[in-house]
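Heads up: the structure comes next, in structure tokens.
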Amino acid sequence: MSDKPDKGDKATREHKDVGAEQDEHKRREFMHAMLADLRALDRMLREGRFDTGPRRIGAEQEMFLIDRQWKPAHASLKMLDKLGDPHFTTELGLFQLEANADPQMFTGDGLSRMERQLDELVGKARAAAAELGLAVVLMGILPTLRKSDLGLDSMVPSPRYRALNKAIAELRGGAFEFSINGTDELIVRHDSVMLEACNASFQVHLQVSPAEFPRMYNLAQVLAAPMVAVAANSPLLFGRRLWSETRIALFRQAVDTRHTHHLRESEARVSFGTRWVRDSVLEIYQEDIARFRTLVGTDLDEDPVAKLARGETPLLKALRLHNGTIYRWNRACYGVMDGKPHLRIENRVMPAGPSVLDEIANGALWFGAMTELGARGDDVTRRIEFDQAGANFYSAAREGLGAHFNWLDGEDITASHLILDHLIPLAEAGLRRQGILEDDIKRYLSVIDGRVRTARTGARWLLSSWNALKDKATSGERSSTLVAATVRRQQTGRPVAEWERARLDEADAESGPASYQQVDQYMTTDLFTVHASDPIEMVVNLMSWERIRHIPVEDNDHRLVGLVTYRAVLRFLANGGSMHDTPVSAIMRTDVLSVTTEARTLDAIALMRRYRYGCLPVIQDGHLIGILTEEDFMNVASKLLERELGDRR
């Protein structure tokens with residue numbers, strides 16, 4: 001047989017070559033368009049064409065859509081149809097939704113107007129979701145999300161998202177690998193950018209003039225650390241306790257395209273940045289074009305130079321599209337309103353939730369501190385090193401209010417004391433400087449004060465509730481409980497500092513027996529395993545120490561290879577076997593039945609009864625991640641019985 005390709009193979013190869021050439025041609029055209037936009041931006045800055053009038057503020061509210069079992073629901077497109085409101089749009093995941101508030105003047109009742117509109121938008125989403133048998137929840141990371149929820153079938157069917165995923169995967173050169181260490185450790189391997197969809201944020205915008213942009217942007221960088229500390233609301237991912245604000249670590253790795261030698265310096269597409277801004281917003285756009293390859297291209301119909309010549313304002317579509325694939329935690333934004341261009345700083349560090357009131361309070365703290373520090377004209381770049389500001393940011397993401405900062409002029413201070421002693425007074429002065437209503441200033445900053453003094457951020461509330469449920473429920477049950485409790489407390493409008501801990505019965509109250517439909521709700525994930533080559537003595541000791549009757553046998557890649565039962569050990573010992581010299585492989589079963597995390601409870605029970613098994617290993621992507629036992633099923637049965645008796649009463 002010839003090794004030469006046949007005509008069909010050649011045609012396929014030529015088709016791919018043509019497609020690749022077309023892609024590269026589009027990429028070159030897109031780069032030309034970006035550079036033209038950059039020149040147009042430079043000209044507009046030099047000619048003073050930007051809006052320098054009264055400040056405006058804005059906000060974007062991301063949220064998760066959940067079903068009656070408190071798990072992600074693929075319903076964003078149905079929601080948009082039902083809502084029929086241009087304030088709403090999709091995010092990356094089909095289980096996410098975004099609401100965009102209208103810009104407000106940063107004076108008078110601007111903050112309370114923003115709160116009222118966000119309350120209305122979230123309320124409207126809740127009502128639409130209820131009609132679909134669903135709910136919405138504001139959380140930085142949804143605890144009930146599973147890796148199986150993050151396939152490409154969960155991505156909004158947008159050509160841009162597909163192209164973005166394809167481009168990042170190609171630049172990455174392989175699977176996406178994540179490693180985050182906190183109280184627990186998480187190591188994940190995934191095949192797409194969909195892990196980004198684990199995140200939901202509350203983003204705020206502050207309009208600034210071109211002249212003050214460098215100073216104000218640098219201030220935003222310095223303030224990023226205390227803002228993430230006070231707003232932290234994302235401590236859990238896949239049942240692991242990680243950073244206080246795990247979004248920071250997760251998002252950075254989710255779209256990381258770096259695949260270079262470890263000695264070569266390179267920056268992630270999600271980053272704090274690399275240096276201070278010295279003279280102009282142009283520095284940010286120039287650096288991003290220089291550092292990061294374009295990921296998406298599109299047909300562009302704008303000649304920005306020609307528009308300027310006609311006295312019109314260009315939209316800078318290519319530059320803005322590229323900017324949308326670079327995820328600085330503080331992002332420079334160009335926009336056009338009523339034909340006039342303006343600049344904004346977008347703060348992306350804050351997660352969604354715990355309540356709308358908490359979110360607006362966070363925004364008030366940031367807006368006020370930015371305003372007052374900006375008005376004082378201090379050059380913070382002379383008072384703190386850029387790398388130290390970045391170190392403070394990541395420390396805050398890990399530790400929350402417990403973080404220690406090396407602050408301005410070398411002051412060593414905790415996040416809590418910094419916020420109480422410095423930032424709240426600064427924010428109060430800044431809000432007054434803008435003419436914000438006194439009642440609003442007092443209301444929002446008192447929310448921050450109460451949260452810090454009680455040390456109850458969203459992250460602290462979630463973790464305290466999680467830990468309190470440890471001996472009462474499995475990881476899946478605890479995750480559902482936290483989501484259910486969050487939904488209930490958000491509907492009260494109270495700030496998180498006033499929330500009581502989550503109760504186990506809250507998840508069951510509305511979901512009923514359906515909450516136990518899948519095995520991942522109550523499987524045991526804290527596993528004790530052995531290898532086939534281990535001595536049987538190890539099995540005997542494990543069964544005695546941990547009072548367990550079934551031990552999975554796995555290989556070095558955590559793949560299930562067998563199962564050892566208590567009865568097998570007893571038979572072996574009764575026949576005079578030696579525990580010291582005999583490997584586990586001599587008594588383990590290799591024909592082991594298993595189920596996946598999505599298996600229905602009734603199917604798992606039927607399987608165990610049919611084959612008279614005392615346990616079932618749970619497999620995901622070929623790896624052992626949990627185990628089900630007869631005791632687990634008895635626990636579920638007792639809970640359902642308790643609920644039925646309660647209903648009869």
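Here, A, B, ... name the chains of the structure tokens in the order displayed, residue numbers run from 1 inside each chain, and ligands are numbered from 1 in the same displayed order.
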
Identify all residues of region 151-257 of chain A in strand (DSSP E) (DSSP on the backbone) and supply them as number ranges by chain.
A: 176-181, 185-190, 202-208, 236-237, 240-241

Which of A:Arg68, A:Met350, A:Phe367, A:Val188 sits closest to His623 (chain A) [using only C-alpha atoms]
A:Val188

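When only C-alpha atoms are used to compute distances to Thr565 (chain A), the closest of the residues A:Gly577, A:Gly622, A:Gly614, A:Pro103 turns out to be A:Gly614.
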
Considering only C-alpha atoms, return as a ChimeraX atom specification whatever protein or nucleic-acid residues lie within 12 Å of Thr454 (chain A), sequence-local ones (same chain, fewer than 2 positions apart) excluded.
/A:230,401,416,420,446-452,456-458,460-461,495-499

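Each of A:Ile187, A:Ala220, A:Ala99, A:Ala532 was checked against Pro583 (chain A) using only C-alpha atoms; the smallest atom-to-atom distance is that of A:Ala532.
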
Residues within 12 Å of Gly324 (chain A), please, as an NGL selection string. Count only C-alpha atoms; anything in the same chain fewer than 5 positions from it doesn't count.
:A and (160-161 or 164 or 269-270 or 285 or 288-289 or 292 or 294-296 or 317-319 or 331-334 or 346)

Dump of N, CA, C and O atoms for the selected residues, as a PDB file, in the first residue's frame:
```pdb
ATOM      1  N   ARG A 160     -18.499  34.323  17.928  1.00  0.00           N
ATOM      2  CA  ARG A 160     -17.358  34.984  18.567  1.00  0.00           C
ATOM      3  C   ARG A 160     -16.797  34.130  19.697  1.00  0.00           C
ATOM      4  O   ARG A 160     -15.594  33.983  19.844  1.00  0.00           O
ATOM      5  N   TYR A 161     -17.684  33.560  20.529  1.00  0.00           N
ATOM      6  CA  TYR A 161     -17.212  32.720  21.631  1.00  0.00           C
ATOM      7  C   TYR A 161     -16.515  31.467  21.099  1.00  0.00           C
ATOM      8  O   TYR A 161     -15.500  31.029  21.640  1.00  0.00           O
ATOM      9  N   LEU A 164     -13.167  32.482  19.831  1.00  0.00           N
ATOM     10  CA  LEU A 164     -12.292  32.802  20.957  1.00  0.00           C
ATOM     11  C   LEU A 164     -11.759  31.529  21.597  1.00  0.00           C
ATOM     12  O   LEU A 164     -10.562  31.412  21.883  1.00  0.00           O
ATOM     13  N   ARG A 269      -3.201  36.852  29.798  1.00  0.00           N
ATOM     14  CA  ARG A 269      -4.204  37.758  29.243  1.00  0.00           C
ATOM     15  C   ARG A 269      -5.095  38.330  30.342  1.00  0.00           C
ATOM     16  O   ARG A 269      -5.703  39.381  30.168  1.00  0.00           O
ATOM     17  N   VAL A 270      -5.217  37.616  31.453  1.00  0.00           N
ATOM     18  CA  VAL A 270      -5.886  38.149  32.637  1.00  0.00           C
ATOM     19  C   VAL A 270      -4.797  38.548  33.614  1.00  0.00           C
ATOM     20  O   VAL A 270      -4.050  37.704  34.092  1.00  0.00           O
ATOM     21  N   TYR A 285      -3.273  50.581  25.630  1.00  0.00           N
ATOM     22  CA  TYR A 285      -3.621  49.952  24.351  1.00  0.00           C
ATOM     23  C   TYR A 285      -2.373  49.522  23.579  1.00  0.00           C
ATOM     24  O   TYR A 285      -2.351  48.442  22.965  1.00  0.00           O
ATOM     25  N   ASP A 288      -0.971  46.312  25.163  1.00  0.00           N
ATOM     26  CA  ASP A 288      -1.799  45.139  24.906  1.00  0.00           C
ATOM     27  C   ASP A 288      -1.662  44.658  23.461  1.00  0.00           C
ATOM     28  O   ASP A 288      -1.670  43.451  23.198  1.00  0.00           O
ATOM     29  N   ILE A 289      -1.538  45.586  22.534  1.00  0.00           N
ATOM     30  CA  ILE A 289      -1.323  45.185  21.137  1.00  0.00           C
ATOM     31  C   ILE A 289       0.046  44.543  20.984  1.00  0.00           C
ATOM     32  O   ILE A 289       0.215  43.548  20.271  1.00  0.00           O
ATOM     33  N   PHE A 292      -0.040  40.902  23.163  1.00  0.00           N
ATOM     34  CA  PHE A 292      -1.017  39.839  22.978  1.00  0.00           C
ATOM     35  C   PHE A 292      -1.473  39.723  21.534  1.00  0.00           C
ATOM     36  O   PHE A 292      -1.932  40.693  20.937  1.00  0.00           O
ATOM     37  N   THR A 294      -3.785  38.870  18.443  1.00  0.00           N
ATOM     38  CA  THR A 294      -5.229  39.002  18.259  1.00  0.00           C
ATOM     39  C   THR A 294      -5.860  37.611  18.223  1.00  0.00           C
ATOM     40  O   THR A 294      -5.338  36.684  17.598  1.00  0.00           O
ATOM     41  N   LEU A 295      -6.986  37.467  18.888  1.00  0.00           N
ATOM     42  CA  LEU A 295      -7.657  36.171  18.972  1.00  0.00           C
ATOM     43  C   LEU A 295      -8.820  36.062  18.006  1.00  0.00           C
ATOM     44  O   LEU A 295      -9.161  34.981  17.546  1.00  0.00           O
ATOM     45  N   VAL A 296      -9.478  37.173  17.740  1.00  0.00           N
ATOM     46  CA  VAL A 296     -10.648  37.140  16.869  1.00  0.00           C
ATOM     47  C   VAL A 296     -10.527  38.235  15.826  1.00  0.00           C
ATOM     48  O   VAL A 296      -9.940  39.285  16.066  1.00  0.00           O
ATOM     49  N   LYS A 317     -13.844  50.157  16.448  1.00  0.00           N
ATOM     50  CA  LYS A 317     -14.357  48.796  16.641  1.00  0.00           C
ATOM     51  C   LYS A 317     -13.251  47.767  16.835  1.00  0.00           C
ATOM     52  O   LYS A 317     -13.351  46.889  17.705  1.00  0.00           O
ATOM     53  N   ALA A 318     -12.196  47.837  16.032  1.00  0.00           N
ATOM     54  CA  ALA A 318     -11.133  46.833  16.129  1.00  0.00           C
ATOM     55  C   ALA A 318     -10.406  46.935  17.463  1.00  0.00           C
ATOM     56  O   ALA A 318     -10.133  45.929  18.125  1.00  0.00           O
ATOM     57  N   LEU A 319     -10.092  48.153  17.861  1.00  0.00           N
ATOM     58  CA  LEU A 319      -9.376  48.357  19.119  1.00  0.00           C
ATOM     59  C   LEU A 319     -10.214  47.879  20.303  1.00  0.00           C
ATOM     60  O   LEU A 319      -9.704  47.227  21.219  1.00  0.00           O
ATOM     61  N   ARG A 331      -9.787  47.910  33.709  1.00  0.00           N
ATOM     62  CA  ARG A 331      -9.718  48.009  32.244  1.00  0.00           C
ATOM     63  C   ARG A 331      -9.982  49.438  31.792  1.00  0.00           C
ATOM     64  O   ARG A 331     -10.873  50.115  32.305  1.00  0.00           O
ATOM     65  N   ALA A 332      -9.197  49.892  30.810  1.00  0.00           N
ATOM     66  CA  ALA A 332      -9.451  51.175  30.156  1.00  0.00           C
ATOM     67  C   ALA A 332     -10.533  50.973  29.103  1.00  0.00           C
ATOM     68  O   ALA A 332     -10.451  50.041  28.299  1.00  0.00           O
ATOM     69  N   CYS A 333     -11.546  51.824  29.107  1.00  0.00           N
ATOM     70  CA  CYS A 333     -12.661  51.683  28.172  1.00  0.00           C
ATOM     71  C   CYS A 333     -12.885  52.979  27.399  1.00  0.00           C
ATOM     72  O   CYS A 333     -12.932  54.062  27.984  1.00  0.00           O
ATOM     73  N   TYR A 334     -13.047  52.832  26.093  1.00  0.00           N
ATOM     74  CA  TYR A 334     -13.405  53.935  25.208  1.00  0.00           C
ATOM     75  C   TYR A 334     -14.871  53.772  24.851  1.00  0.00           C
ATOM     76  O   TYR A 334     -15.334  52.670  24.533  1.00  0.00           O
ATOM     77  N   GLU A 346     -12.944  50.735  34.154  1.00  0.00           N
ATOM     78  CA  GLU A 346     -13.857  49.662  34.538  1.00  0.00           C
ATOM     79  C   GLU A 346     -13.201  48.817  35.629  1.00  0.00           C
ATOM     80  O   GLU A 346     -12.154  48.207  35.405  1.00  0.00           O
TER      81      GLU A 346
END
```

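Closest to Gly110 (chain A) among A:Glu385, A:Asp338, A:Asp440, A:Glu312 is A:Asp440, based on only C-alpha atoms.
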
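Here CA of Thr107 (chain A) is placed at a distance of 23.9 Å from CA of Gly493 (chain A).
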
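Shortest atom-to-atom contact with Arg600 (chain A) among A:Val540, A:Ala75, A:Val569, A:Val618: A:Val618, counting only C-alpha atoms.
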
Given the choices A:Phe202, A:Trp545, A:Tyr613, A:Phe64, which gets closest to Ile360 (chain A) if the distance is worked out from only C-alpha atoms?
A:Phe202

Fewer than 2 positions away in the same chain doesn't count, so skip those; otherwise give me all residues within 9 Å of Ser594 (chain A), counting only C-alpha atoms, as an MDAnalysis selection string.
chainID A and resid 592 596 604 615:619 627

Can you tell me which residues surround region 126-135 of chain A at a distance of at most 6 Å, considering only C-alpha atoms, apart from same-chain residues fewer than 4 positions away, and format the answer as a ChimeraX atom specification?
/A:65-67

Per DSSP on the backbone, filter region 199-420 of chain A down to the residues in helix (DSSP H, G or I) and report them as an MDAnalysis selection string.
chainID A and resid 213:231 246:254 282:291 304:309 317:323 356:376 380:382 386:402 408:410 415:420

Might you pull out every residue within 8 Å of Pro552 (chain A), with only C-alpha atoms counted and same-chain residues fewer than 3 positions away left off, and present them as a count of residues only?
9
